[in-house]
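This is model_13.cif (mmCIF, C-alpha atoms).
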```cif
data_upload
#
loop_
_atom_site.label_atom_id
_atom_site.label_comp_id
_atom_site.auth_asym_id
_atom_site.auth_seq_id
_atom_site.Cartn_x
_atom_site.Cartn_y
_atom_site.Cartn_z
CA MET A 1 102.36 105.34 99.54
CA VAL A 2 103.12 105.65 103.24
CA SER A 3 106.24 107.16 104.70
CA ALA A 4 107.37 108.30 108.13
CA LYS A 5 110.44 109.95 109.56
CA ALA A 6 111.09 110.66 113.22
CA VAL A 7 114.19 112.22 114.69
CA THR A 8 114.67 109.04 116.61
CA GLY A 9 112.72 105.84 117.19
CA THR A 10 112.58 102.08 116.92
CA ALA A 11 109.96 99.68 115.63
CA LEU A 12 107.08 99.77 118.04
CA GLY A 13 105.55 96.39 117.39
CA ALA A 14 102.35 95.15 115.84
CA VAL A 15 99.39 97.49 116.00
CA VAL A 16 95.84 96.64 115.19
CA ALA A 17 93.50 99.04 113.47
CA SER A 18 90.81 99.35 116.14
CA LEU A 19 91.25 101.57 119.18
CA LEU A 20 89.18 102.34 122.22
CA ALA A 21 85.65 103.40 121.34
CA ALA A 22 84.69 106.97 122.21
CA PRO A 23 81.07 107.97 122.67
CA ALA A 24 79.30 110.40 120.39
CA GLN A 25 79.17 114.04 121.36
CA ALA A 26 75.99 115.14 123.07
CA VAL A 27 74.26 118.44 122.57
CA THR A 28 73.67 119.08 126.26
CA PRO A 29 76.28 119.07 129.02
CA THR A 30 76.29 116.76 132.02
CA GLY A 31 77.90 119.48 134.11
CA THR A 32 80.25 122.42 134.14
CA GLY A 33 83.47 123.02 135.96
CA HIS A 34 86.99 124.37 136.01
CA ALA A 35 90.12 122.81 134.62
CA GLY A 36 90.52 121.00 137.92
CA THR A 37 87.51 118.82 137.17
CA ALA A 38 89.66 116.85 134.75
CA ARG A 39 91.49 113.78 136.04
CA THR A 40 93.74 114.83 138.86
CA ALA A 41 96.25 112.03 138.29
CA VAL A 42 97.83 112.71 134.92
CA ALA A 43 100.01 109.95 133.54
CA ALA A 44 103.43 110.70 132.11
CA ALA A 45 103.28 110.72 128.32
CA ALA A 46 104.55 107.52 126.71
CA ALA A 47 106.54 107.70 123.49
CA PRO A 48 104.28 108.24 120.47
CA ASP A 49 103.23 105.03 118.73
CA GLU A 50 104.35 105.65 115.15
CA ALA A 51 103.24 102.24 113.95
CA GLY A 52 99.78 102.87 115.33
CA LEU A 53 99.62 106.23 113.60
CA ARG A 54 100.78 104.76 110.30
CA ALA A 55 98.01 102.15 110.52
CA ILE A 56 95.43 104.88 111.13
CA LEU A 57 96.61 106.95 108.15
CA ARG A 58 96.44 103.88 105.90
CA THR A 59 92.94 103.19 107.13
CA ALA A 60 91.85 106.73 106.23
CA LEU A 61 93.11 106.15 102.70
CA ALA A 62 91.24 102.86 102.45
CA GLN A 63 88.08 104.69 103.52
CA GLY A 64 88.33 107.29 100.77
CA ALA A 65 90.77 110.03 101.82
CA PRO A 66 93.26 110.88 99.04
CA GLY A 67 95.86 111.70 101.68
CA ALA A 68 96.42 111.83 105.42
CA MET A 69 99.23 113.07 107.65
CA ALA A 70 100.27 113.61 111.22
CA ARG A 71 102.99 115.73 112.81
CA ILE A 72 103.98 115.45 116.46
CA ASP A 73 106.20 118.08 118.07
CA ASP A 74 107.45 116.39 121.21
CA ASN A 75 109.59 118.78 123.26
CA GLY A 76 112.22 119.05 120.53
CA THR A 77 111.65 115.75 118.74
CA VAL A 78 109.56 115.89 115.57
CA HIS A 79 107.63 112.94 114.13
CA ARG A 80 106.30 113.29 110.58
CA LEU A 81 104.01 110.65 109.05
CA VAL A 82 102.24 110.81 105.70
CA ALA A 83 100.09 108.60 103.51
CA GLY A 84 98.68 109.19 100.05
CA VAL A 85 98.59 112.34 97.93
CA ASP A 86 97.83 116.03 98.28
CA ASP A 87 96.72 116.34 94.65
CA ARG A 88 94.84 113.56 92.89
CA ALA A 89 95.60 115.04 89.46
CA THR A 90 99.40 115.08 89.84
CA GLY A 91 99.77 112.24 92.35
CA ARG A 92 102.14 114.33 94.47
CA THR A 93 102.76 112.79 97.88
CA ILE A 94 101.17 114.70 100.73
CA SER A 95 103.62 116.50 103.02
CA THR A 96 103.49 117.76 106.58
CA ASN A 97 104.72 121.04 105.09
CA ASP A 98 101.51 121.41 103.10
CA ARG A 99 99.17 124.26 103.93
CA PHE A 100 95.46 123.49 104.31
CA ARG A 101 92.17 124.93 105.53
CA VAL A 102 91.92 124.32 109.28
CA GLY A 103 88.17 124.84 109.62
CA SER A 104 86.91 125.26 113.18
CA VAL A 105 90.42 125.28 114.65
CA THR A 106 89.99 128.95 113.70
CA LYS A 107 87.69 129.29 116.72
CA SER A 108 90.65 128.96 119.09
CA PHE A 109 92.48 131.80 117.30
CA THR A 110 89.38 133.98 117.46
CA THR A 111 88.99 133.29 121.17
CA VAL A 112 92.61 134.21 121.88
CA VAL A 113 92.10 137.63 120.28
CA LEU A 114 89.01 138.26 122.38
CA LEU A 115 90.72 137.13 125.59
CA GLN A 116 93.59 139.48 124.85
CA LEU A 117 90.99 142.25 124.62
CA VAL A 118 89.71 141.13 128.03
CA ASP A 119 93.27 141.41 129.34
CA GLU A 120 93.41 144.93 127.91
CA GLY A 121 90.20 145.92 129.71
CA ARG A 122 88.26 146.41 126.47
CA LEU A 123 85.86 143.48 126.87
CA LYS A 124 84.13 141.65 129.73
CA LEU A 125 83.16 138.00 129.32
CA ASP A 126 79.98 138.26 131.34
CA LYS A 127 78.63 141.37 129.65
CA PRO A 128 75.82 140.92 127.12
CA VAL A 129 76.92 140.84 123.49
CA ASP A 130 74.42 143.64 122.82
CA THR A 131 76.48 145.90 125.11
CA TYR A 132 79.12 145.96 122.38
CA LEU A 133 76.93 145.28 119.33
CA PRO A 134 73.65 147.04 120.18
CA GLY A 135 70.56 145.38 118.73
CA LEU A 136 72.44 142.50 117.07
CA LEU A 137 70.84 139.72 119.11
CA PRO A 138 67.21 139.42 120.23
CA ASP A 139 68.10 138.44 123.80
CA ASP A 140 70.31 140.71 125.88
CA ARG A 141 70.95 137.85 128.30
CA ILE A 142 73.39 136.30 125.77
CA THR A 143 76.87 137.11 127.05
CA VAL A 144 80.27 136.98 125.43
CA ARG A 145 81.02 133.91 127.57
CA HIS A 146 77.89 132.17 126.26
CA VAL A 147 79.02 132.80 122.69
CA LEU A 148 82.56 131.47 123.21
CA SER A 149 81.36 128.36 125.05
CA HIS A 150 78.53 127.48 122.60
CA ARG A 151 75.90 128.08 125.26
CA SER A 152 74.13 131.04 123.63
CA GLY A 153 71.33 129.00 122.07
CA LEU A 154 71.91 130.68 118.68
CA TYR A 155 70.87 128.34 115.88
CA ASP A 156 73.65 127.11 113.57
CA TYR A 157 72.84 128.41 110.08
CA THR A 158 75.08 125.73 108.52
CA ASN A 159 72.42 123.12 109.31
CA ASP A 160 70.35 124.57 106.47
CA MET A 161 73.21 125.73 104.27
CA PHE A 162 74.79 122.27 104.12
CA ALA A 163 71.81 119.96 104.56
CA ARG A 164 73.02 118.61 101.21
CA SER A 165 76.77 118.73 101.38
CA VAL A 166 77.85 119.08 97.76
CA SER A 167 74.99 121.18 96.39
CA GLY A 168 75.10 123.35 99.50
CA PHE A 169 78.82 123.89 99.06
CA GLU A 170 78.58 124.71 95.36
CA ALA A 171 75.92 127.31 96.16
CA VAL A 172 78.31 129.22 98.44
CA ARG A 173 81.75 128.25 97.06
CA ASN A 174 82.32 131.71 95.53
CA LYS A 175 79.84 133.71 97.58
CA VAL A 176 80.92 136.49 99.93
CA PHE A 177 78.78 136.97 103.03
CA GLY A 178 78.76 139.82 105.49
CA TYR A 179 78.76 138.86 109.15
CA ARG A 180 75.26 140.23 109.58
CA ASP A 181 74.04 138.13 106.66
CA LEU A 182 75.07 134.99 108.54
CA VAL A 183 73.59 136.14 111.85
CA LYS A 184 70.34 136.94 110.05
CA LEU A 185 70.21 133.37 108.70
CA SER A 186 70.57 132.08 112.25
CA LEU A 187 67.89 134.35 113.68
CA GLN A 188 65.35 133.09 111.17
CA LYS A 189 65.18 129.92 113.26
CA PRO A 190 64.21 129.44 116.93
CA ARG A 191 67.02 129.34 119.42
CA THR A 192 68.06 125.91 120.67
CA ASN A 193 68.04 126.79 124.38
CA ALA A 194 67.93 129.67 126.82
CA PRO A 195 71.24 131.53 127.26
CA GLY A 196 73.60 129.49 129.41
CA ALA A 197 71.22 126.53 129.75
CA ALA A 198 73.00 124.00 127.53
CA TYR A 199 75.93 123.37 125.24
CA SER A 200 74.82 123.47 121.60
CA TYR A 201 77.60 123.88 119.03
CA SER A 202 76.90 126.67 116.56
CA ASN A 203 79.08 128.47 114.03
CA THR A 204 76.88 131.51 114.57
CA ASN A 205 78.60 132.05 117.91
CA PHE A 206 81.97 132.63 116.29
CA VAL A 207 80.56 134.84 113.57
CA VAL A 208 79.41 137.02 116.47
CA ALA A 209 82.90 136.69 117.97
CA GLY A 210 84.43 138.01 114.76
CA MET A 211 82.05 140.96 114.83
CA LEU A 212 83.15 141.73 118.39
CA ILE A 213 86.80 141.74 117.34
CA GLU A 214 86.17 144.14 114.48
CA LYS A 215 83.93 146.45 116.54
CA LEU A 216 86.31 146.69 119.51
CA THR A 217 89.53 147.07 117.53
CA GLY A 218 88.34 148.93 114.46
CA HIS A 219 90.34 146.46 112.37
CA SER A 220 89.56 143.36 110.34
CA VAL A 221 89.97 139.97 111.98
CA ALA A 222 92.77 139.35 109.46
CA THR A 223 94.72 142.30 110.85
CA GLU A 224 94.17 141.25 114.45
CA TYR A 225 95.12 137.60 113.84
CA GLN A 226 98.31 138.76 112.14
CA LYS A 227 99.29 141.36 114.75
CA ARG A 228 98.39 139.37 117.85
CA ILE A 229 99.15 135.74 116.91
CA PHE A 230 100.71 135.04 113.51
CA THR A 231 103.57 137.54 113.75
CA PRO A 232 104.50 137.11 117.45
CA LEU A 233 104.62 133.31 117.08
CA HIS A 234 106.36 133.45 113.65
CA LEU A 235 103.56 131.47 112.04
CA THR A 236 104.81 132.14 108.54
CA ASP A 237 102.58 129.49 106.94
CA THR A 238 99.36 130.69 108.55
CA PHE A 239 96.97 133.00 106.70
CA TYR A 240 93.52 134.53 106.73
CA VAL A 241 92.86 135.34 103.08
CA HIS A 242 89.05 135.72 103.04
CA PRO A 243 87.46 136.34 100.58
CA SER A 244 90.26 135.16 98.27
CA THR A 245 89.61 131.60 97.08
CA ALA A 246 93.18 130.33 96.74
CA ILE A 247 95.52 128.76 99.30
CA PRO A 248 98.93 130.45 98.94
CA GLY A 249 101.99 128.33 98.13
CA ARG A 250 102.33 124.56 98.40
CA HIS A 251 99.15 123.08 99.82
CA ALA A 252 97.01 119.99 100.07
CA ASN A 253 93.98 120.03 97.82
CA GLY A 254 90.76 119.27 99.67
CA TYR A 255 88.20 116.77 98.36
CA LEU A 256 84.53 116.75 99.33
CA THR A 257 82.82 113.37 99.32
CA SER A 258 79.63 113.33 97.29
CA ASP A 259 76.24 112.87 98.92
CA THR A 260 75.63 110.15 96.31
CA THR A 261 77.38 106.87 97.03
CA GLY A 262 80.00 106.08 94.40
CA ALA A 263 80.04 109.54 92.83
CA ALA A 264 83.35 111.26 92.19
CA LEU A 265 85.05 113.38 94.82
CA VAL A 266 84.62 117.13 94.41
CA ASP A 267 87.78 119.27 94.52
CA ALA A 268 86.80 121.89 97.11
CA THR A 269 90.21 123.56 97.46
CA LYS A 270 89.24 126.91 95.91
CA GLN A 271 86.50 128.59 97.91
CA THR A 272 85.91 131.84 99.75
CA ALA A 273 85.11 130.03 103.02
CA SER A 274 82.97 133.11 103.54
CA TRP A 275 80.26 131.03 105.19
CA ALA A 276 82.78 130.43 108.01
CA GLN A 277 85.04 133.51 108.32
CA SER A 278 86.03 133.93 112.00
CA ALA A 279 84.42 130.55 112.71
CA GLY A 280 86.57 128.57 110.27
CA ALA A 281 88.53 130.32 107.48
CA ILE A 282 92.18 130.20 108.64
CA ILE A 283 94.82 128.38 106.54
CA SER A 284 97.82 126.81 108.29
CA THR A 285 100.25 123.86 108.53
CA PRO A 286 100.88 121.15 111.13
CA HIS A 287 104.00 122.94 112.37
CA ASP A 288 102.17 126.22 112.88
CA LEU A 289 99.17 124.63 114.60
CA ASP A 290 101.45 122.69 116.94
CA THR A 291 103.29 125.92 117.71
CA PHE A 292 100.04 127.81 118.33
CA PHE A 293 98.47 125.36 120.76
CA SER A 294 101.76 124.76 122.58
CA ALA A 295 102.18 128.52 123.04
CA LEU A 296 98.59 128.89 124.20
CA LEU A 297 98.82 126.22 126.91
CA ARG A 298 102.24 127.52 128.00
CA GLY A 299 100.67 130.92 128.69
CA ARG A 300 102.37 132.85 125.91
CA LEU A 301 99.22 134.26 124.31
CA VAL A 302 96.89 135.23 127.16
CA SER A 303 97.29 135.90 130.86
CA ALA A 304 97.01 133.13 133.41
CA ALA A 305 93.66 134.57 134.46
CA GLN A 306 92.26 134.36 130.93
CA LEU A 307 93.68 130.88 130.33
CA THR A 308 91.79 129.85 133.46
CA GLN A 309 88.62 131.31 131.94
CA MET A 310 89.31 129.49 128.68
CA THR A 311 89.55 126.19 130.55
CA LYS A 312 86.32 126.41 132.52
CA TRP A 313 84.69 123.36 131.03
CA THR A 314 81.21 122.33 130.01
CA ARG A 315 81.07 118.54 129.88
CA VAL A 316 79.93 117.33 126.46
CA ASN A 317 80.28 113.58 127.03
CA SER A 318 82.44 111.16 129.00
CA THR A 319 85.61 112.04 127.06
CA THR A 320 84.98 115.56 125.75
CA SER A 321 84.55 118.98 127.35
CA TYR A 322 84.36 122.47 125.85
CA GLY A 323 85.75 125.65 127.37
CA LEU A 324 85.99 128.99 125.57
CA GLY A 325 86.92 128.17 121.97
CA LEU A 326 88.86 125.16 123.23
CA ARG A 327 88.15 121.44 123.42
CA ARG A 328 89.49 119.02 126.03
CA ARG A 329 89.75 115.32 125.21
CA ASP A 330 90.36 112.80 128.03
CA LEU A 331 92.37 109.83 126.81
CA SER A 332 92.55 106.23 128.02
CA CYS A 333 96.00 106.65 129.61
CA GLY A 334 94.85 109.40 132.00
CA ILE A 335 96.13 112.31 129.90
CA SER A 336 93.88 115.16 128.84
CA VAL A 337 94.76 117.06 125.67
CA TYR A 338 93.64 120.52 124.61
CA GLY A 339 92.94 122.00 121.20
CA HIS A 340 90.23 121.91 118.56
CA THR A 341 88.85 119.89 115.69
CA GLY A 342 88.30 121.41 112.28
CA THR A 343 86.01 120.59 109.39
CA VAL A 344 85.75 122.64 106.23
CA GLN A 345 84.85 121.27 102.81
CA GLY A 346 87.70 118.97 101.81
CA TYR A 347 89.56 118.78 105.14
CA TYR A 348 89.37 117.13 108.57
CA THR A 349 91.81 118.46 111.16
CA TYR A 350 92.69 117.39 114.73
CA ALA A 351 95.07 119.74 116.56
CA PHE A 352 95.77 119.10 120.26
CA THR A 353 98.50 119.56 122.86
CA THR A 354 99.23 118.43 126.40
CA LYS A 355 98.50 120.64 129.41
CA ASP A 356 102.15 121.70 129.59
CA GLY A 357 102.31 122.29 125.83
CA LYS A 358 105.30 119.97 125.46
CA ARG A 359 103.73 117.48 123.05
CA SER A 360 101.45 118.63 120.23
CA LEU A 361 99.74 116.72 117.43
CA THR A 362 98.19 117.96 114.23
CA ALA A 363 96.56 115.32 112.03
CA LEU A 364 94.84 115.96 108.71
CA ALA A 365 92.89 114.04 106.08
CA ASN A 366 92.18 115.93 102.86
CA THR A 367 88.57 114.91 102.53
CA SER A 368 85.30 115.63 104.32
CA ASN A 369 81.66 114.50 104.38
CA ASN A 370 83.02 111.04 105.17
CA THR A 371 82.06 109.76 108.61
CA ALA A 372 84.41 106.78 108.46
CA VAL A 373 87.43 109.01 107.82
CA LEU A 374 86.38 111.47 110.52
CA ASN A 375 86.20 108.66 113.06
CA THR A 376 89.52 107.26 111.93
CA MET A 377 91.32 110.59 112.31
CA TYR A 378 89.86 110.93 115.82
CA ARG A 379 91.81 107.81 116.69
CA THR A 380 95.17 109.56 116.10
CA LEU A 381 95.02 111.03 119.61
CA GLU A 382 95.58 107.78 121.52
CA PRO A 383 98.81 106.62 119.79
CA ALA A 384 100.14 110.19 119.64
CA PHE A 385 99.77 110.89 123.35
CA CYS A 386 99.39 107.49 125.04
CA GLY A 387 101.82 105.32 123.09
CA THR A 388 101.96 101.66 122.17
CA SER A 389 100.64 100.15 125.39
CA ALA A 390 97.46 102.21 125.21
CA THR A 391 96.96 101.21 121.59
CA ARG A 392 97.29 97.54 122.45
CA ALA A 393 95.11 97.84 125.56
CA ALA A 394 92.41 99.56 123.54
CA ALA A 395 92.53 96.77 120.99
CA ARG A 396 92.10 94.12 123.72
CA THR A 397 89.22 95.85 125.45
CA ALA A 398 87.25 97.16 122.47
CA ALA A 399 84.27 95.09 121.39
CA PRO A 400 84.67 93.38 118.00
CA GLY A 401 83.91 95.84 115.24
CA ALA A 402 83.75 98.80 117.62
CA ALA A 403 85.09 102.14 116.45
CA PRO A 404 85.24 105.66 117.86
CA VAL A 405 82.15 107.69 117.02
CA GLU A 406 82.66 111.36 116.26
CA GLU A 407 79.81 113.60 115.17
CA HIS A 408 80.07 116.08 112.31
CA GLU A 409 79.84 118.91 114.83
CA ASP A 410 81.94 121.61 113.17
CA ILE A 411 79.61 121.90 110.13
CA ALA A 412 75.85 121.36 110.21
CA PRO A 413 75.84 119.69 113.63
CA SER A 414 72.16 118.74 113.45
CA VAL A 415 72.41 117.05 110.03
CA ASP A 416 72.75 113.27 110.08
CA ARG A 417 75.59 112.24 107.74
CA ASP A 418 75.41 108.50 108.45
#
```

When written as structure tokens, how does the structure in this file appear?
Amino acid sequence: MVSAKAVTGTALGAVVASLLAAPAQAVTPTGTGHAGTARTAVAAAAAPDEAGLRAILRTALAQGAPGAMARIDDNGTVHRLVAGVDDRATGRTISTNDRFRVGSVTKSFTTVVLLQLVDEGRLKLDKPVDTYLPGLLPDDRITVRHVLSHRSGLYDYTNDMFARSVSGFEAVRNKVFGYRDLVKLSLQKPRTNAPGAAYSYSNTNFVVAGMLIEKLTGHSVATEYQKRIFTPLHLTDTFYVHPSTAIPGRHANGYLTSDTTGAALVDATKQTASWAQSAGAIISTPHDLDTFFSALLRGRLVSAAQLTQMTKWTRVNSTTSYGLGLRRRDLSCGISVYGHTGTVQGYYTYAFTTKDGKRSLTALANTSNNTAVLNTMYRTLEPAFCGTSATRAAARTAAPGAAPVEEHEDIAPSVDRD
């Protein structure tokens, strides 16, 4: 079942399923720079292409997702599109009001808290992590900035934890880790690069970030998220419940694709998400994520000086850059959008906004360990921000059979899932 409701809109014409191909993410940057290194000529946003988005959601279902949805908040106009179900047992239609696990989108929340501490004079980005957490890391050249930009060289422990997706998940589904347990797992392996030398995505970085929050504030990350972000922005459907396993209220169940072709999906909804914590354990909704990223880019959460720091980019590939806990995606129509991707067992999330925060998209599929669905959900950005003409142009210029290629970077980035 597919449904959509916008505040206003007309039929937007025929849309084909293929969009402009996007290259895979690299593990080393081609360069670094400030926000100004993005395209200087930014096109005016065209109306969202609802028909294109509907086609993408249907494709995700055909590829194995039980449900998929997208919400666009467009300067007062709201577009809601859904396909499929949030619960395979009951057959209930998925809703853009459903809560879900946002995975690595959590990293942007964690970064905001730390940048607020910078604004308060309690933290310096270019100080070594060991200044604040003595003896935690074996190299006192690793700075807070290196951690938040994935340039620390700390090995991602999830590569080993989830080398086999389902069995790895079942081994930790109900386990509760301490932060130091996770850092210890990372330090058992060689570092991937010298501090600051290269971009190498690692969940370990944001476990360290959570430790910094708790050390500097004397409070849990849950308390700081609530006090500094959830409450001020009225994010009433956003939670950090670790180590509780349940998602409060109405929610989308999450389904993990088996490592064995043809095997049944695994309901991964109930889990501690303790392997992720400050790297990926927040629960939210499309409305709240749109509100969060819009507020961030509008300067409501950190000072202008810290937003500038957050948007000093390391180039990942021709369309993707990473700042401090923030991704930038450069689209075919000349617009760059800012936000984060999220993967946690059972859920793929894309949450992005424009530079002025006036148009925000959150798209979700309630499955994971499915490369085809991940790539399909990546394609929601073009119709959401570039409109019908970009969708059609991408279809004309893309090679036959071409599709965007998105790596499973948020979990086990070095494990080949294809």

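Applied to this file, the PyMOL selection byres ((chain A and resi 63) around 10) selects Leu57, Arg58, Thr59, Ala60, Leu61, Ala62, Gly64, Ala65, Pro66, Asn370, Thr371, Ala372, Val373, Leu374 and Thr376 of chain A.
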
query: Do you know which residues the PyMOL selection byres ((chain A and resi 140) around 9) returns on this file, as number ranges by chain?
result: A: 128-131, 135, 137-139, 141-143

message: Here is a test: counting all atoms listed in the file, which residue of A:Ser149, A:Ser202, A:Asn193, A:Gln277 is nearest to Arg180 (chain A)?
response: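 Ranking A:Ser149, A:Ser202, A:Asn193, A:Gln277 by distance to Arg180 (chain A), first place goes to A:Gln277.
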
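Computed from the coordinates, the CA of Phe230 (chain A) to CA of Tyr347 (chain A) distance equals 21.4 Å.
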
- request: Just the residues within 9 Å of Thr96 (chain A), please, counting all atoms listed in the file, with nothing from its chain fewer than 6 positions along; format it as a PyMOL selection string.
  value: chain A and resi 69-71+80-82+285-287

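Compared by their closest atoms to Ala276 (chain A), and using only C-alpha atoms, the residues A:Thr362, A:Asn317, A:Thr204, A:Gln116 rank with A:Thr204 nearest.
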
query: For the atom pair CA of Ala68 (chain A) and CA of Tyr240 (chain A), what is the interatomic distance in Å to one decimal place?
result: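 Pair CA of Ala68 (chain A) / CA of Tyr240 (chain A) returns 22.9 Å.
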
message: To one decimal place in Å, what is the distance between CA of Met161 (chain A) and CA of Tyr378 (chain A)?
response: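 Separation between CA of Met161 (chain A) and CA of Tyr378 (chain A): 25.1 Å.
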
Can you find the residues with an atom no farther than 12 Å from (64.2, 134.1, 115.6), counting all atoms listed in the file, and report them as an mmCIF file with C-alpha atoms, keeping the file's coordinate frame?
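Wrote it out as result.cif, contents follow:
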```cif
data_model
loop_
_atom_site.group_PDB
_atom_site.id
_atom_site.type_symbol
_atom_site.label_atom_id
_atom_site.label_comp_id
_atom_site.auth_asym_id
_atom_site.auth_seq_id
_atom_site.Cartn_x
_atom_site.Cartn_y
_atom_site.Cartn_z
ATOM 1 C CA LEU A 136 72.440 142.500 117.070
ATOM 2 C CA LEU A 137 70.840 139.720 119.110
ATOM 3 C CA PRO A 138 67.210 139.420 120.230
ATOM 4 C CA ASP A 139 68.100 138.440 123.800
ATOM 5 C CA GLY A 153 71.330 129.000 122.070
ATOM 6 C CA LEU A 154 71.910 130.680 118.680
ATOM 7 C CA TYR A 155 70.870 128.340 115.880
ATOM 8 C CA ASP A 156 73.650 127.110 113.570
ATOM 9 C CA TYR A 157 72.840 128.410 110.080
ATOM 10 C CA VAL A 183 73.590 136.140 111.850
ATOM 11 C CA LYS A 184 70.340 136.940 110.050
ATOM 12 C CA LEU A 185 70.210 133.370 108.700
ATOM 13 C CA SER A 186 70.570 132.080 112.250
ATOM 14 C CA LEU A 187 67.890 134.350 113.680
ATOM 15 C CA GLN A 188 65.350 133.090 111.170
ATOM 16 C CA LYS A 189 65.180 129.920 113.260
ATOM 17 C CA PRO A 190 64.210 129.440 116.930
ATOM 18 C CA ARG A 191 67.020 129.340 119.420
ATOM 19 C CA THR A 192 68.060 125.910 120.670
#
```

message: Taking the file as I've supplied it (selection: the PyMOL selection byres ((chain A and resi 328) around 10)), which residues are included? Please answer as a PyMOL selection string.
response: chain A and resi 35+38+311+313-316+319-323+326-327+329-331+336-340+352-355

If I only want region 303-359 of chain A, can you write it with C-alpha atoms, as a compact mmCIF listing (two decimals), in the first residue's frame?
```txt
# COMPACT_ATOMS: atom_id res chain seq x y z
CA SER A 303 26.99 29.73 18.10
CA ALA A 304 27.91 30.90 14.62
CA ALA A 305 31.55 30.24 15.47
CA GLN A 306 30.87 26.61 16.38
CA LEU A 307 28.61 26.05 13.37
CA THR A 308 31.55 27.22 11.27
CA GLN A 309 33.73 24.62 12.99
CA MET A 310 31.09 21.97 12.40
CA THR A 311 31.10 22.75 8.68
CA LYS A 312 34.84 22.57 8.07
CA TRP A 313 34.76 19.73 5.62
CA THR A 314 36.90 16.72 4.82
CA ARG A 315 36.10 15.59 1.29
CA VAL A 316 35.03 11.93 1.23
CA ASN A 317 34.20 11.64 -2.47
CA SER A 318 32.87 13.79 -5.30
CA THR A 319 29.44 14.23 -3.67
CA THR A 320 30.08 13.73 0.05
CA SER A 321 32.02 15.62 2.71
CA TYR A 322 32.19 15.21 6.49
CA GLY A 323 32.52 17.99 9.05
CA LEU A 324 32.15 17.54 12.80
CA GLY A 325 29.36 14.99 13.28
CA LEU A 326 27.72 16.30 10.12
CA ARG A 327 27.57 15.12 6.52
CA ARG A 328 27.25 17.32 3.43
CA ARG A 329 25.79 15.88 0.23
CA ASP A 330 26.17 17.82 -3.05
CA LEU A 331 23.21 17.22 -5.34
CA SER A 332 22.88 17.38 -9.13
CA CYS A 333 20.92 20.65 -9.09
CA GLY A 334 23.70 22.60 -7.35
CA ILE A 335 22.21 22.38 -3.86
CA SER A 336 24.18 21.02 -0.93
CA VAL A 337 22.25 19.47 1.96
CA TYR A 338 23.42 18.87 5.52
CA GLY A 339 22.59 16.15 8.01
CA HIS A 340 23.47 12.54 8.68
CA THR A 341 22.71 8.99 7.66
CA GLY A 342 21.76 6.36 10.21
CA THR A 343 22.01 2.59 10.29
CA VAL A 344 21.07 0.46 13.25
CA GLN A 345 19.77 -3.10 13.06
CA GLY A 346 16.38 -2.89 11.36
CA TYR A 347 16.49 0.73 10.17
CA TYR A 348 18.03 2.93 7.46
CA THR A 349 17.62 6.68 7.97
CA TYR A 350 18.47 9.72 5.82
CA ALA A 351 17.95 13.09 7.53
CA PHE A 352 19.11 16.25 5.73
CA THR A 353 18.27 19.94 5.43
CA THR A 354 19.21 22.87 3.22
CA LYS A 355 21.84 25.41 4.27
CA ASP A 356 19.14 27.84 5.38
CA GLY A 357 17.23 25.10 7.19
CA LYS A 358 14.03 25.88 5.28
CA ARG A 359 13.56 22.46 3.67
```
